[in-house]
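Trainee: Sharing coords.cif (mmCIF, C-alpha atoms) below.
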data_start
loop_
_atom_site.group_PDB
_atom_site.id
_atom_site.type_symbol
_atom_site.label_atom_id
_atom_site.label_comp_id
_atom_site.auth_asym_id
_atom_site.auth_seq_id
_atom_site.Cartn_x
_atom_site.Cartn_y
_atom_site.Cartn_z
ATOM 1 C CA MET O 1236 16.320 107.990 44.383
ATOM 2 C CA MET O 1237 13.806 110.828 44.070
ATOM 3 C CA MET O 1238 14.597 113.855 46.214
ATOM 4 C CA SER O 1239 11.618 115.318 48.053
ATOM 5 C CA LEU O 1240 11.856 119.051 48.727
ATOM 6 C CA GLY O 1241 8.559 119.404 50.575
ATOM 7 C CA PRO O 1242 6.149 122.339 50.423
ATOM 8 C CA TYR O 1243 8.920 124.946 49.971
ATOM 9 C CA ALA O 1244 10.492 123.331 46.909
ATOM 10 C CA SER O 1245 10.061 126.510 44.824
ATOM 11 C CA PHE O 1246 12.169 128.540 47.321
ATOM 12 C CA ILE O 1247 14.922 125.903 47.335
ATOM 13 C CA VAL O 1248 14.985 125.481 43.549
ATOM 14 C CA THR O 1249 14.946 129.278 43.000
ATOM 15 C CA SER O 1250 17.894 129.707 45.393
ATOM 16 C CA TYR O 1251 20.035 127.119 43.596
ATOM 17 C CA ALA O 1252 18.984 128.374 40.149
ATOM 18 C CA ALA O 1253 19.818 131.987 41.070
ATOM 19 C CA ALA O 1254 23.229 130.937 42.423
ATOM 20 C CA ALA O 1255 23.941 128.952 39.244
ATOM 21 C CA LEU O 1256 22.825 131.860 37.036
ATOM 22 C CA VAL O 1257 24.971 134.434 38.862
ATOM 23 C CA VAL O 1258 28.036 132.147 38.760
ATOM 24 C CA VAL O 1259 27.508 131.500 35.019
ATOM 25 C CA ILE O 1260 27.168 135.267 34.384
ATOM 26 C CA LEU O 1261 30.414 135.908 36.327
ATOM 27 C CA ILE O 1262 32.306 133.224 34.389
ATOM 28 C CA GLY O 1263 30.873 134.458 31.067
ATOM 29 C CA TRP O 1264 31.715 138.101 31.829
ATOM 30 C CA ILE O 1265 35.322 137.225 32.751
ATOM 31 C CA ALA O 1266 35.748 134.981 29.686
ATOM 32 C CA LEU O 1267 34.332 137.644 27.315
ATOM 33 C CA ASP O 1268 36.479 140.346 28.924
ATOM 34 C CA TYR O 1269 39.599 138.179 28.393
ATOM 35 C CA ARG O 1270 38.671 137.647 24.753
ATOM 36 C CA SER O 1271 38.056 141.381 24.272
ATOM 37 C CA GLN O 1272 41.414 142.405 25.844
ATOM 38 C CA THR O 1273 43.460 139.851 23.885
ATOM 39 C CA GLU O 1274 41.706 140.946 20.664
ATOM 40 C CA ARG O 1275 42.559 144.609 21.356
ATOM 41 C CA LEU O 1276 46.184 143.636 22.047
ATOM 42 C CA ARG O 1277 46.288 141.713 18.748
ATOM 43 C CA GLU O 1278 44.960 144.780 16.898
ATOM 44 C CA LEU O 1279 47.648 146.967 18.502
ATOM 45 C CA ASP O 1280 50.260 144.370 17.581
ATOM 46 C CA ARG O 1281 49.045 144.381 13.956
ATOM 47 C CA SER O 1282 49.304 148.193 13.867
ATOM 48 C CA GLY O 1283 52.993 147.898 14.864
ATOM 49 C CA VAL O 1284 52.795 149.164 18.457
ATOM 50 C CA THR O 1285 55.282 147.353 20.695
ATOM 51 C CA ARG O 1286 55.868 147.464 24.444
ATOM 52 C CA ARG O 1287 58.713 149.518 25.916
ATOM 53 C CA SER O 1288 60.600 146.253 26.471
ATOM 54 C CA GLY O 1289 60.417 145.703 22.708
ATOM 55 C CA ARG O 1290 58.147 142.689 23.176
ATOM 56 C CA SER O 1291 55.036 142.172 21.091
ATOM 57 C CA ALA O 1292 51.775 143.519 22.593
ATOM 58 C CA THR O 1293 50.300 140.028 22.723
ATOM 59 C CA ASP O 1294 53.420 138.472 24.210
ATOM 60 C CA THR O 1295 52.490 136.836 27.482
ATOM 61 C CA PRO O 1296 55.190 134.591 28.968
ATOM 62 C CA MET U 1217 58.137 132.425 44.393
ATOM 63 C CA THR U 1218 57.733 135.370 46.779
ATOM 64 C CA LEU U 1219 55.222 138.227 46.840
ATOM 65 C CA ILE U 1220 57.954 140.526 45.477
ATOM 66 C CA ASP U 1221 58.452 138.231 42.464
ATOM 67 C CA LEU U 1222 54.732 138.528 41.741
ATOM 68 C CA ALA U 1223 55.071 142.315 41.621
ATOM 69 C CA ASN U 1224 56.110 141.779 38.021
ATOM 70 C CA PRO U 1225 52.835 141.566 36.028
ATOM 71 C CA THR U 1226 54.456 139.422 33.328
ATOM 72 C CA ARG U 1227 55.541 136.891 35.957
ATOM 73 C CA PHE U 1228 52.057 137.013 37.480
ATOM 74 C CA LEU U 1229 50.495 136.283 34.076
ATOM 75 C CA ALA U 1230 52.811 133.281 33.726
ATOM 76 C CA LEU U 1231 51.696 132.019 37.135
ATOM 77 C CA THR U 1232 47.971 132.424 36.367
ATOM 78 C CA ALA U 1233 48.390 130.603 33.039
ATOM 79 C CA ARG U 1234 49.862 127.662 34.946
ATOM 80 C CA VAL U 1235 47.491 127.483 37.944
ATOM 81 C CA LEU U 1236 44.113 128.544 36.497
ATOM 82 C CA PRO U 1237 43.274 125.201 34.800
ATOM 83 C CA TRP U 1238 44.098 123.287 38.015
ATOM 84 C CA LEU U 1239 42.092 125.681 40.177
ATOM 85 C CA ALA U 1240 39.110 125.499 37.818
ATOM 86 C CA ALA U 1241 39.221 121.688 37.814
ATOM 87 C CA ALA U 1242 39.457 121.536 41.637
ATOM 88 C CA THR U 1243 36.515 123.973 41.914
ATOM 89 C CA VAL U 1244 34.321 121.873 39.599
ATOM 90 C CA VAL U 1245 35.133 118.647 41.471
ATOM 91 C CA LEU U 1246 34.497 120.167 44.921
ATOM 92 C CA LEU U 1247 31.276 121.876 43.769
ATOM 93 C CA ALA U 1248 30.027 118.565 42.354
ATOM 94 C CA ILE U 1249 30.794 116.777 45.650
ATOM 95 C CA GLY U 1250 29.255 119.607 47.689
ATOM 96 C CA LEU U 1251 26.089 119.711 45.587
ATOM 97 C CA TYR U 1252 25.690 115.936 45.832
ATOM 98 C CA GLN U 1253 26.150 116.036 49.620
ATOM 99 C CA SER U 1254 23.686 118.948 49.864
ATOM 100 C CA ALA U 1255 21.130 116.988 47.836
ATOM 101 C CA VAL U 1256 21.352 113.854 50.002
ATOM 102 C CA ALA U 1257 21.588 115.690 53.356
ATOM 103 C CA PRO U 1258 18.628 114.906 55.636
ATOM 104 C CA ASP U 1259 15.867 117.418 56.315
ATOM 105 C CA ASP U 1260 16.187 119.470 59.487
ATOM 106 C CA TYR U 1261 13.607 118.694 62.186
ATOM 107 C CA GLN U 1262 12.481 122.340 62.238
ATOM 108 C CA GLN U 1263 13.409 123.785 58.831
ATOM 109 C CA GLY U 1264 12.588 120.691 56.780
ATOM 110 C CA ALA U 1265 14.169 120.704 53.299
ATOM 111 C CA THR U 1266 14.775 124.475 53.369
ATOM 112 C CA VAL U 1267 17.998 123.664 55.246
ATOM 113 C CA LYS U 1268 19.403 122.978 51.746
ATOM 114 C CA ILE U 1269 19.297 126.731 51.063
ATOM 115 C CA MET U 1270 21.852 127.118 53.886
ATOM 116 C CA PHE U 1271 24.428 125.167 51.862
ATOM 117 C CA ILE U 1272 24.600 128.016 49.345
ATOM 118 C CA HIS U 1273 23.543 130.915 51.562
ATOM 119 C CA VAL U 1274 26.253 130.486 54.223
ATOM 120 C CA PRO U 1275 29.243 130.125 51.797
ATOM 121 C CA ASN U 1276 28.084 133.237 49.924
ATOM 122 C CA ALA U 1277 27.629 135.163 53.181
ATOM 123 C CA TRP U 1278 31.129 134.136 54.324
ATOM 124 C CA LEU U 1279 32.608 135.121 50.976
ATOM 125 C CA SER U 1280 30.849 138.492 50.968
ATOM 126 C CA MET U 1281 32.973 139.411 54.012
ATOM 127 C CA PHE U 1282 36.075 137.437 52.990
ATOM 128 C CA VAL U 1283 36.306 139.246 49.635
ATOM 129 C CA TRP U 1284 36.096 142.649 51.354
ATOM 130 C CA GLY U 1285 38.855 141.404 53.692
ATOM 131 C CA VAL U 1286 41.002 140.496 50.663
ATOM 132 C CA MET U 1287 40.309 143.940 49.180
ATOM 133 C CA SER U 1288 41.273 145.598 52.480
ATOM 134 C CA ILE U 1289 44.641 143.780 52.532
ATOM 135 C CA ALA U 1290 45.143 144.738 48.869
ATOM 136 C CA SER U 1291 44.297 148.359 49.766
ATOM 137 C CA LEU U 1292 47.005 148.321 52.431
ATOM 138 C CA GLY U 1293 49.302 147.000 49.697
ATOM 139 C CA THR U 1294 48.373 149.993 47.544
ATOM 140 C CA LEU U 1295 48.703 152.670 50.232
ATOM 141 C CA VAL U 1296 51.567 151.321 52.363
ATOM 142 C CA TRP U 1297 53.746 149.064 50.230
ATOM 143 C CA ARG U 1298 52.725 150.412 46.787
ATOM 144 C CA HIS U 1299 52.692 146.880 45.421
ATOM 145 C CA PRO U 1300 52.009 147.142 41.660
ATOM 146 C CA LEU U 1301 49.420 144.358 41.691
ATOM 147 C CA ALA U 1302 47.613 145.417 44.877
ATOM 148 C CA ASP U 1303 45.135 147.746 43.207
ATOM 149 C CA VAL U 1304 44.701 145.250 40.361
ATOM 150 C CA ALA U 1305 43.697 142.662 42.993
ATOM 151 C CA ALA U 1306 41.308 145.066 44.746
ATOM 152 C CA LYS U 1307 39.626 146.222 41.542
ATOM 153 C CA ALA U 1308 39.244 142.679 40.186
ATOM 154 C CA ALA U 1309 37.712 141.389 43.448
ATOM 155 C CA ALA U 1310 34.948 144.015 43.775
ATOM 156 C CA PRO U 1311 32.429 142.716 41.177
ATOM 157 C CA ILE U 1312 32.949 139.132 42.359
ATOM 158 C CA GLY U 1313 32.384 140.180 45.983
ATOM 159 C CA ALA U 1314 29.274 142.110 44.939
ATOM 160 C CA ALA U 1315 27.908 138.993 43.203
ATOM 161 C CA PHE U 1316 28.483 136.821 46.297
ATOM 162 C CA THR U 1317 26.883 139.440 48.552
ATOM 163 C CA PHE U 1318 23.879 139.681 46.228
ATOM 164 C CA LEU U 1319 23.514 135.884 46.387
ATOM 165 C CA ALA U 1320 23.794 135.918 50.191
ATOM 166 C CA LEU U 1321 20.981 138.495 50.383
ATOM 167 C CA LEU U 1322 18.816 136.734 47.785
ATOM 168 C CA THR U 1323 19.159 133.208 49.172
ATOM 169 C CA GLY U 1324 18.734 134.499 52.730
ATOM 170 C CA SER U 1325 15.560 136.220 51.643
ATOM 171 C CA LEU U 1326 14.290 133.064 49.928
ATOM 172 C CA TRP U 1327 14.974 131.103 53.128
ATOM 173 C CA GLY U 1328 13.414 133.808 55.310
ATOM 174 C CA ARG U 1329 10.011 133.783 53.584
ATOM 175 C CA PRO U 1330 9.055 130.217 54.545
ATOM 176 C CA MET U 1331 10.942 130.197 57.883
ATOM 177 C CA TRP U 1332 10.386 133.717 59.263
ATOM 178 C CA GLY U 1333 7.289 134.566 57.266
ATOM 179 C CA THR U 1334 8.984 137.529 55.583
ATOM 180 C CA TYR U 1335 11.458 138.112 52.752
ATOM 181 C CA TRP U 1336 13.077 141.042 54.521
ATOM 182 C CA GLU U 1337 13.445 142.475 58.001
ATOM 183 C CA TRP U 1338 15.412 145.611 58.836
ATOM 184 C CA ASP U 1339 17.424 143.848 61.535
ATOM 185 C CA ALA U 1340 21.106 144.502 62.213
ATOM 186 C CA ARG U 1341 22.558 141.542 60.280
ATOM 187 C CA LEU U 1342 20.459 141.966 57.145
ATOM 188 C CA THR U 1343 20.862 145.730 57.072
ATOM 189 C CA SER U 1344 24.648 145.632 57.599
ATOM 190 C CA VAL U 1345 25.009 143.089 54.746
ATOM 191 C CA LEU U 1346 22.849 145.299 52.509
ATOM 192 C CA ILE U 1347 25.188 148.199 53.339
ATOM 193 C CA LEU U 1348 28.145 145.967 52.372
ATOM 194 C CA PHE U 1349 26.464 145.260 49.014
ATOM 195 C CA LEU U 1350 25.911 148.990 48.415
ATOM 196 C CA MET U 1351 29.553 149.674 49.317
ATOM 197 C CA TYR U 1352 30.676 147.116 46.704
ATOM 198 C CA LEU U 1353 28.559 148.932 44.100
ATOM 199 C CA GLY U 1354 29.927 152.318 45.211
ATOM 200 C CA LEU U 1355 33.492 151.058 44.911
ATOM 201 C CA MET U 1356 32.861 149.715 41.407
ATOM 202 C CA ALA U 1357 31.344 153.086 40.441
ATOM 203 C CA LEU U 1358 34.395 154.886 41.838
ATOM 204 C CA TRP U 1359 36.767 152.757 39.756
ATOM 205 C CA ARG U 1360 34.741 153.593 36.647
ATOM 206 C CA ALA U 1361 34.497 157.312 37.461
ATOM 207 C CA VAL U 1362 38.264 158.001 37.506
ATOM 208 C CA ASP U 1363 40.184 157.465 34.248
ATOM 209 C CA ASP U 1364 43.680 157.242 35.700
ATOM 210 C CA PRO U 1365 43.999 153.800 37.397
ATOM 211 C CA SER U 1366 46.630 154.937 39.935
ATOM 212 C CA ARG U 1367 44.482 157.886 41.126
ATOM 213 C CA ALA U 1368 41.390 155.683 41.268
ATOM 214 C CA ALA U 1369 43.393 153.066 43.198
ATOM 215 C CA ARG U 1370 44.281 155.425 46.050
ATOM 216 C CA ALA U 1371 40.722 156.735 46.443
ATOM 217 C CA ALA U 1372 39.289 153.205 46.263
ATOM 218 C CA ALA U 1373 41.859 151.945 48.804
ATOM 219 C CA VAL U 1374 40.833 154.585 51.342
ATOM 220 C CA LEU U 1375 37.137 153.816 50.789
ATOM 221 C CA THR U 1376 37.794 150.074 51.137
ATOM 222 C CA LEU U 1377 39.658 150.494 54.423
ATOM 223 C CA VAL U 1378 36.917 152.742 55.812
ATOM 224 C CA GLY U 1379 34.335 150.170 54.683
ATOM 225 C CA ALA U 1380 36.222 147.396 56.518
ATOM 226 C CA ILE U 1381 34.716 148.809 59.731
ATOM 227 C CA ASN U 1382 31.483 147.163 58.577
ATOM 228 C CA LEU U 1383 33.003 143.631 58.758
ATOM 229 C CA PRO U 1384 33.060 143.254 62.583
ATOM 230 C CA ILE U 1385 29.651 144.972 62.684
ATOM 231 C CA ILE U 1386 28.247 142.266 60.364
ATOM 232 C CA LYS U 1387 29.968 139.448 62.273
ATOM 233 C CA PHE U 1388 28.919 140.542 65.752
ATOM 234 C CA SER U 1389 25.584 142.181 64.874
ATOM 235 C CA VAL U 1390 23.749 139.056 66.035
ATOM 236 C CA ASP U 1391 25.460 139.311 69.443
ATOM 237 C CA TRP U 1392 25.324 143.090 69.914
ATOM 238 C CA TRP U 1393 21.679 143.561 68.922
ATOM 239 C CA ASN U 1394 18.498 141.588 69.309
ATOM 240 C CA THR U 1395 18.070 140.299 65.749
ATOM 241 C CA LEU U 1396 15.754 137.967 63.892
ATOM 242 C CA HIS U 1397 18.851 136.406 62.317
ATOM 243 C CA GLN U 1398 20.139 133.427 64.308
ATOM 244 C CA PRO U 1399 23.516 133.712 66.118
ATOM 245 C CA ALA U 1400 26.700 132.048 64.828
ATOM 246 C CA SER U 1401 26.376 128.265 64.726
ATOM 247 C CA VAL U 1402 29.537 127.143 62.891
ATOM 248 C CA MET U 1403 32.414 129.408 63.962
ATOM 249 C CA ARG U 1404 31.768 130.009 67.636
ATOM 250 C CA MET U 1405 33.348 129.405 71.020
ATOM 251 C CA GLY U 1406 32.772 125.811 72.120
ATOM 252 C CA GLY U 1407 32.694 124.429 68.543
ATOM 253 C CA SER U 1408 30.038 124.083 65.892
ATOM 254 C CA ALA U 1409 26.408 123.617 66.940
ATOM 255 C CA LEU U 1410 25.632 121.812 63.673
ATOM 256 C CA ASP U 1411 25.212 118.083 63.282
ATOM 257 C CA LYS U 1412 27.852 116.422 61.064
ATOM 258 C CA SER U 1413 25.229 115.583 58.433
ATOM 259 C CA PHE U 1414 24.809 119.354 57.833
ATOM 260 C CA LEU U 1415 28.291 120.545 58.776
ATOM 261 C CA ILE U 1416 30.206 118.421 56.234
ATOM 262 C CA PRO U 1417 28.217 119.501 53.120
ATOM 263 C CA LEU U 1418 28.341 123.090 54.378
ATOM 264 C CA LEU U 1419 32.131 123.036 54.766
ATOM 265 C CA VAL U 1420 32.630 121.328 51.381
ATOM 266 C CA MET U 1421 30.446 123.967 49.717
ATOM 267 C CA ALA U 1422 32.300 126.737 51.581
ATOM 268 C CA ILE U 1423 35.683 125.436 50.337
ATOM 269 C CA ALA U 1424 34.264 124.988 46.809
ATOM 270 C CA PHE U 1425 32.931 128.567 46.709
ATOM 271 C CA THR U 1426 36.233 129.881 48.111
ATOM 272 C CA LEU U 1427 38.103 128.053 45.348
ATOM 273 C CA LEU U 1428 35.602 129.483 42.867
ATOM 274 C CA PHE U 1429 36.430 132.963 44.148
ATOM 275 C CA VAL U 1430 40.202 132.370 43.903
ATOM 276 C CA THR U 1431 39.821 131.073 40.334
ATOM 277 C CA LEU U 1432 37.582 133.951 39.201
ATOM 278 C CA HIS U 1433 39.746 136.504 41.003
ATOM 279 C CA LEU U 1434 42.979 135.353 39.336
ATOM 280 C CA ALA U 1435 41.230 135.351 35.937
ATOM 281 C CA ALA U 1436 39.809 138.847 36.559
ATOM 282 C CA MET U 1437 43.257 140.099 37.689
ATOM 283 C CA ARG U 1438 44.780 138.715 34.474
ATOM 284 C CA ASN U 1439 42.109 140.630 32.490
ATOM 285 C CA GLU U 1440 42.843 143.834 34.406
ATOM 286 C CA ILE U 1441 46.591 143.558 33.705
ATOM 287 C CA LEU U 1442 45.833 143.073 30.001
ATOM 288 C CA ARG U 1443 43.402 146.060 30.075
ATOM 289 C CA ARG U 1444 46.166 148.273 31.518
ATOM 290 C CA ARG U 1445 48.610 147.001 28.910
ATOM 291 C CA VAL U 1446 46.084 147.937 26.191
ATOM 292 C CA ARG U 1447 45.666 151.394 27.764
ATOM 293 C CA SER U 1448 49.400 152.110 27.941
ATOM 294 C CA LEU U 1449 49.968 150.865 24.365
ATOM 295 C CA GLN U 1450 47.102 153.029 23.102
ATOM 296 C CA MET U 1451 48.643 156.036 24.870
ATOM 297 C CA MET U 1452 52.025 155.237 23.274
ATOM 298 C CA GLN U 1453 50.328 154.963 19.891
ATOM 299 C CA ALA U 1454 48.500 158.279 20.415
ATOM 300 C CA SER U 1455 51.704 160.080 21.474
ATOM 301 C CA ARG U 1456 53.562 158.721 18.409
ATOM 302 C CA VAL U 1457 50.788 159.974 16.125
ATOM 303 C CA ALA U 1458 50.830 163.394 17.846
ATOM 304 C CA PHE U 1459 54.648 163.526 17.580
ATOM 305 C CA SER U 1460 54.667 162.630 13.871
ATOM 306 C CA ASP U 1461 51.888 165.205 13.203
ATOM 307 C CA THR U 1462 53.907 167.926 14.976
ATOM 308 C CA GLY U 1463 57.030 166.887 13.076
ATOM 309 C CA SER U 1464 55.335 167.031 9.670
ATOM 310 C CA ARG U 1465 53.681 170.392 10.493
ATOM 311 C CA GLN U 1466 57.066 171.854 11.501
ATOM 312 C CA GLY U 1467 58.545 170.459 8.261
ATOM 313 C CA ASN U 1468 55.790 172.113 6.225
ATOM 314 C CA ALA U 1469 56.238 175.409 8.083
ATOM 315 C CA SER U 1470 59.988 175.504 7.352
ATOM 316 C CA LYS U 1471 59.303 174.698 3.684
ATOM 317 C CA GLU U 1472 56.793 177.561 3.523
ATOM 318 C CA ALA U 1473 59.295 179.897 5.234
ATOM 319 C CA GLY U 1474 61.970 178.863 2.743
ATOM 320 C CA ALA U 1475 59.613 179.473 -0.185
ATOM 321 C CA ALA U 1476 58.753 182.925 1.163
#
Could you take the file, read its structure, and then write that structure out as structure tokens?
Mentor:
Amino acid sequence: MMMSLGPYASFIVTSYAAAALVVVILIGWIALDYRSQTERLRELDRSGVTRRSGRSATDTP
Amino acid sequence: MTLIDLANPTRFLALTARVLPWLAAATVVLLAIGLYQSAVAPDDYQQGATVKIMFIHVPNAWLSMFVWGVMSIASLGTLVWRHPLADVAAKAAAPIGAAFTFLALLTGSLWGRPMWGTYWEWDARLTSVLILFLMYLGLMALWRAVDDPSRAARAAAVLTLVGAINLPIIKFSVDWWNTLHQPASVMRMGGSALDKSFLIPLLVMAIAFTLLFVTLHLAAMRNEILRRRVRSLQMMQASRVAFSDTGSRQGNASKEAGAA
């Protein structure tokens, strides 16, 4: 079934494309931030810094 | 598990690790269903196919206010109950709320051009949502401007609560002023004015976008907790280095005194 978007197809397609792009940027930013924080914690762990509880820096439950 | 149990960041991280995959999967499934229903929804007799823009515009517009509402509750948590995760929740929600508000403005503008004949009109609804977007940006700037997270949290909480005054203004702007923007058609006294063929895809998309927000928010909160852990460990490392430097300098000084 071919979907017909009429004379304003460019407005509709742009809206959906912009929403998809912004959502992808949000997901990518959060994923990269997670990777960056865990990498920094690993570096601190390697340099021998431990948390006050004595647990490793990278130790999540 | 109670809210008090979640005050422990380590316990919160354990919870996010468990629920995030399920939330992400539910979001993908609901978005797929919502997008399919939006694609096959009939054209409106007046708007034609541009009604499809509503299926992403309305959920984003709802979320732009909902996220500020979440941040306002979190701000109360910071100022009144001093919940340790409240400011983490508020800070993590701001960029996501800003993104949804930006999409609400953009998609509304792209709908407005063919339907109203203009991308933008300085009417009460559009202007109050633009102010909300600027407030999100201001809040994000405030968080970045203050180094100490607890000091930044209190200032941001006050700003968030003051900004919450804008939420009823946005909601009722179409009733209080004569605006180009149409009045409420889904959540209104006497039930929805929408036909089921439009209402169902709209509600599915609204739930899907809300789940998307919850998923992204939990992931962003997890990142913020890890960022604070990095900060406190770096401060511990720096204080140890400073302490050992002071110790060795004092040792050298006593040696020199002994030699003299």
Trainee: Taking all atoms listed in the file into account, find every residue of chain O that has an atom no more than 8 Å from chain U, and write it out as a compact mmCIF listing (two decimals) with C-alpha atoms, keeping the file's coordinate frame.
Mentor:
# COMPACT_ATOMS: atom_id res chain seq x y z
CA MET O 1238 14.60 113.86 46.21
CA SER O 1239 11.62 115.32 48.05
CA LEU O 1240 11.86 119.05 48.73
CA GLY O 1241 8.56 119.40 50.58
CA TYR O 1243 8.92 124.95 49.97
CA ALA O 1244 10.49 123.33 46.91
CA PHE O 1246 12.17 128.54 47.32
CA ILE O 1247 14.92 125.90 47.34
CA THR O 1249 14.95 129.28 43.00
CA SER O 1250 17.89 129.71 45.39
CA TYR O 1251 20.04 127.12 43.60
CA ALA O 1253 19.82 131.99 41.07
CA ALA O 1254 23.23 130.94 42.42
CA VAL O 1257 24.97 134.43 38.86
CA LEU O 1261 30.41 135.91 36.33
CA ILE O 1262 32.31 133.22 34.39
CA ILE O 1265 35.32 137.22 32.75
CA ASP O 1268 36.48 140.35 28.92
CA TYR O 1269 39.60 138.18 28.39
CA GLN O 1272 41.41 142.40 25.84
CA THR O 1273 43.46 139.85 23.88
CA ARG O 1275 42.56 144.61 21.36
CA LEU O 1276 46.18 143.64 22.05
CA LEU O 1279 47.65 146.97 18.50
CA VAL O 1284 52.80 149.16 18.46
CA THR O 1285 55.28 147.35 20.70
CA ARG O 1286 55.87 147.46 24.44
CA ALA O 1292 51.78 143.52 22.59
CA THR O 1295 52.49 136.84 27.48
CA PRO O 1296 55.19 134.59 28.97
Trainee: By how many Å are atom CA of U:Ser1408 and atom CA of U:Leu1239 apart?
Mentor: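 Spanning atom CA of U:Ser1408 to atom CA of U:Leu1239 is a straight-line distance of 28.4 Å.
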Trainee: To one decimal place in Å, what is the distance between atom CA of U:Ser1401 and atom CA of U:Pro1258?
Mentor: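 Straight-line distance from atom CA of U:Ser1401 to atom CA of U:Pro1258 works out to 17.9 Å.
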Trainee: Please write the residues picked by the PyMOL selection byres ((chain U and resi 1250) around 10) on this file as a list in words.
Mentor: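 Evaluating the PyMOL selection byres ((chain U and resi 1250) around 10) on this file yields Val1244, Val1245, Leu1246, Leu1247, Ala1248, Ile1249, Leu1251, Tyr1252, Gln1253, Ser1254, Ala1255, Phe1271, Ile1272, Ile1416, Pro1417, Leu1418, Leu1419, Val1420, Met1421, Ala1422, Ile1423, Ala1424 and Phe1425 of chain U.
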Trainee: Running the PyMOL selection byres ((chain U and resi 1397) around 10) on this model by hand, what would come out? Give it as number ranges by chain.
Mentor: U: 1324, 1328, 1332, 1337, 1339-1342, 1389-1390, 1394-1396, 1398-1400
Trainee: Filtering to C-alpha atoms, could you give me those residues as a PDB file, in the frame of the given file?
Mentor:
ATOM      1  CA  GLY U1324      18.734 134.499  52.730  1.00  0.00           C
ATOM      2  CA  GLY U1328      13.414 133.808  55.310  1.00  0.00           C
ATOM      3  CA  TRP U1332      10.386 133.717  59.263  1.00  0.00           C
ATOM      4  CA  GLU U1337      13.445 142.475  58.001  1.00  0.00           C
ATOM      5  CA  ASP U1339      17.424 143.848  61.535  1.00  0.00           C
ATOM      6  CA  ALA U1340      21.106 144.502  62.213  1.00  0.00           C
ATOM      7  CA  ARG U1341      22.558 141.542  60.280  1.00  0.00           C
ATOM      8  CA  LEU U1342      20.459 141.966  57.145  1.00  0.00           C
ATOM      9  CA  SER U1389      25.584 142.181  64.874  1.00  0.00           C
ATOM     10  CA  VAL U1390      23.749 139.056  66.035  1.00  0.00           C
ATOM     11  CA  ASN U1394      18.498 141.588  69.309  1.00  0.00           C
ATOM     12  CA  THR U1395      18.070 140.299  65.749  1.00  0.00           C
ATOM     13  CA  LEU U1396      15.754 137.967  63.892  1.00  0.00           C
ATOM     14  CA  GLN U1398      20.139 133.427  64.308  1.00  0.00           C
ATOM     15  CA  PRO U1399      23.516 133.712  66.118  1.00  0.00           C
ATOM     16  CA  ALA U1400      26.700 132.048  64.828  1.00  0.00           C
TER      17      ALA U1400
END
Trainee: Please indicate the distance in Å from atom CA of U:Gly1313 to atom CA of U:Leu1410, rounded to one decimal place.
Mentor: 26.4 Å
Trainee: What does the PyMOL selection byres ((chain U and resi 1351) around 10) select in this file, as a ChimeraX atom specification?
Mentor: /U:1284,1310,1314,1345-1350,1352-1357,1375-1376,1379,1382
Trainee: Name the closest residue to U:Lys1387 among the candidates U:Leu1292, U:Ala1277, U:Ala1458, U:Ala1302; distances are taken between atoms, counting only C-alpha atoms.
Mentor: U:Ala1277
Trainee: Using all atoms listed in the file, which residue out of U:Ala1308, U:Met1281, U:Leu1415, U:Val1286 lies closest to U:Pro1384?
Mentor: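 Result for the nearest residue to U:Pro1384: U:Met1281.
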Trainee: Would you list the contacts of U:Pro1300 as a PyMOL selection string, taking every protein, DNA or RNA residue within 12 Å and counting all atoms listed in the file, but skipping same-chain residues closer than 2 positions in sequence?
Mentor: chain U and resi 1219-1226+1228+1290-1298+1302-1306+1365-1366+1369+1437+1441+1444
Trainee: Write out, as a PDB file, in the coordinates of the input, the residues just selected, with C-alpha atoms.
Mentor:
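Listing of again_4.pdb after writing:
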ATOM      1  CA  LEU U1219      55.222 138.227  46.840  1.00  0.00           C
ATOM      2  CA  ILE U1220      57.954 140.526  45.477  1.00  0.00           C
ATOM      3  CA  ASP U1221      58.452 138.231  42.464  1.00  0.00           C
ATOM      4  CA  LEU U1222      54.732 138.528  41.741  1.00  0.00           C
ATOM      5  CA  ALA U1223      55.071 142.315  41.621  1.00  0.00           C
ATOM      6  CA  ASN U1224      56.110 141.779  38.021  1.00  0.00           C
ATOM      7  CA  PRO U1225      52.835 141.566  36.028  1.00  0.00           C
ATOM      8  CA  THR U1226      54.456 139.422  33.328  1.00  0.00           C
ATOM      9  CA  PHE U1228      52.057 137.013  37.480  1.00  0.00           C
ATOM     10  CA  ALA U1290      45.143 144.738  48.869  1.00  0.00           C
ATOM     11  CA  SER U1291      44.297 148.359  49.766  1.00  0.00           C
ATOM     12  CA  LEU U1292      47.005 148.321  52.431  1.00  0.00           C
ATOM     13  CA  GLY U1293      49.302 147.000  49.697  1.00  0.00           C
ATOM     14  CA  THR U1294      48.373 149.993  47.544  1.00  0.00           C
ATOM     15  CA  LEU U1295      48.703 152.670  50.232  1.00  0.00           C
ATOM     16  CA  VAL U1296      51.567 151.321  52.363  1.00  0.00           C
ATOM     17  CA  TRP U1297      53.746 149.064  50.230  1.00  0.00           C
ATOM     18  CA  ARG U1298      52.725 150.412  46.787  1.00  0.00           C
ATOM     19  CA  ALA U1302      47.613 145.417  44.877  1.00  0.00           C
ATOM     20  CA  ASP U1303      45.135 147.746  43.207  1.00  0.00           C
ATOM     21  CA  VAL U1304      44.701 145.250  40.361  1.00  0.00           C
ATOM     22  CA  ALA U1305      43.697 142.662  42.993  1.00  0.00           C
ATOM     23  CA  ALA U1306      41.308 145.066  44.746  1.00  0.00           C
ATOM     24  CA  PRO U1365      43.999 153.800  37.397  1.00  0.00           C
ATOM     25  CA  SER U1366      46.630 154.937  39.935  1.00  0.00           C
ATOM     26  CA  ALA U1369      43.393 153.066  43.198  1.00  0.00           C
ATOM     27  CA  MET U1437      43.257 140.099  37.689  1.00  0.00           C
ATOM     28  CA  ILE U1441      46.591 143.558  33.705  1.00  0.00           C
ATOM     29  CA  ARG U1444      46.166 148.273  31.518  1.00  0.00           C
TER      30      ARG U1444
END
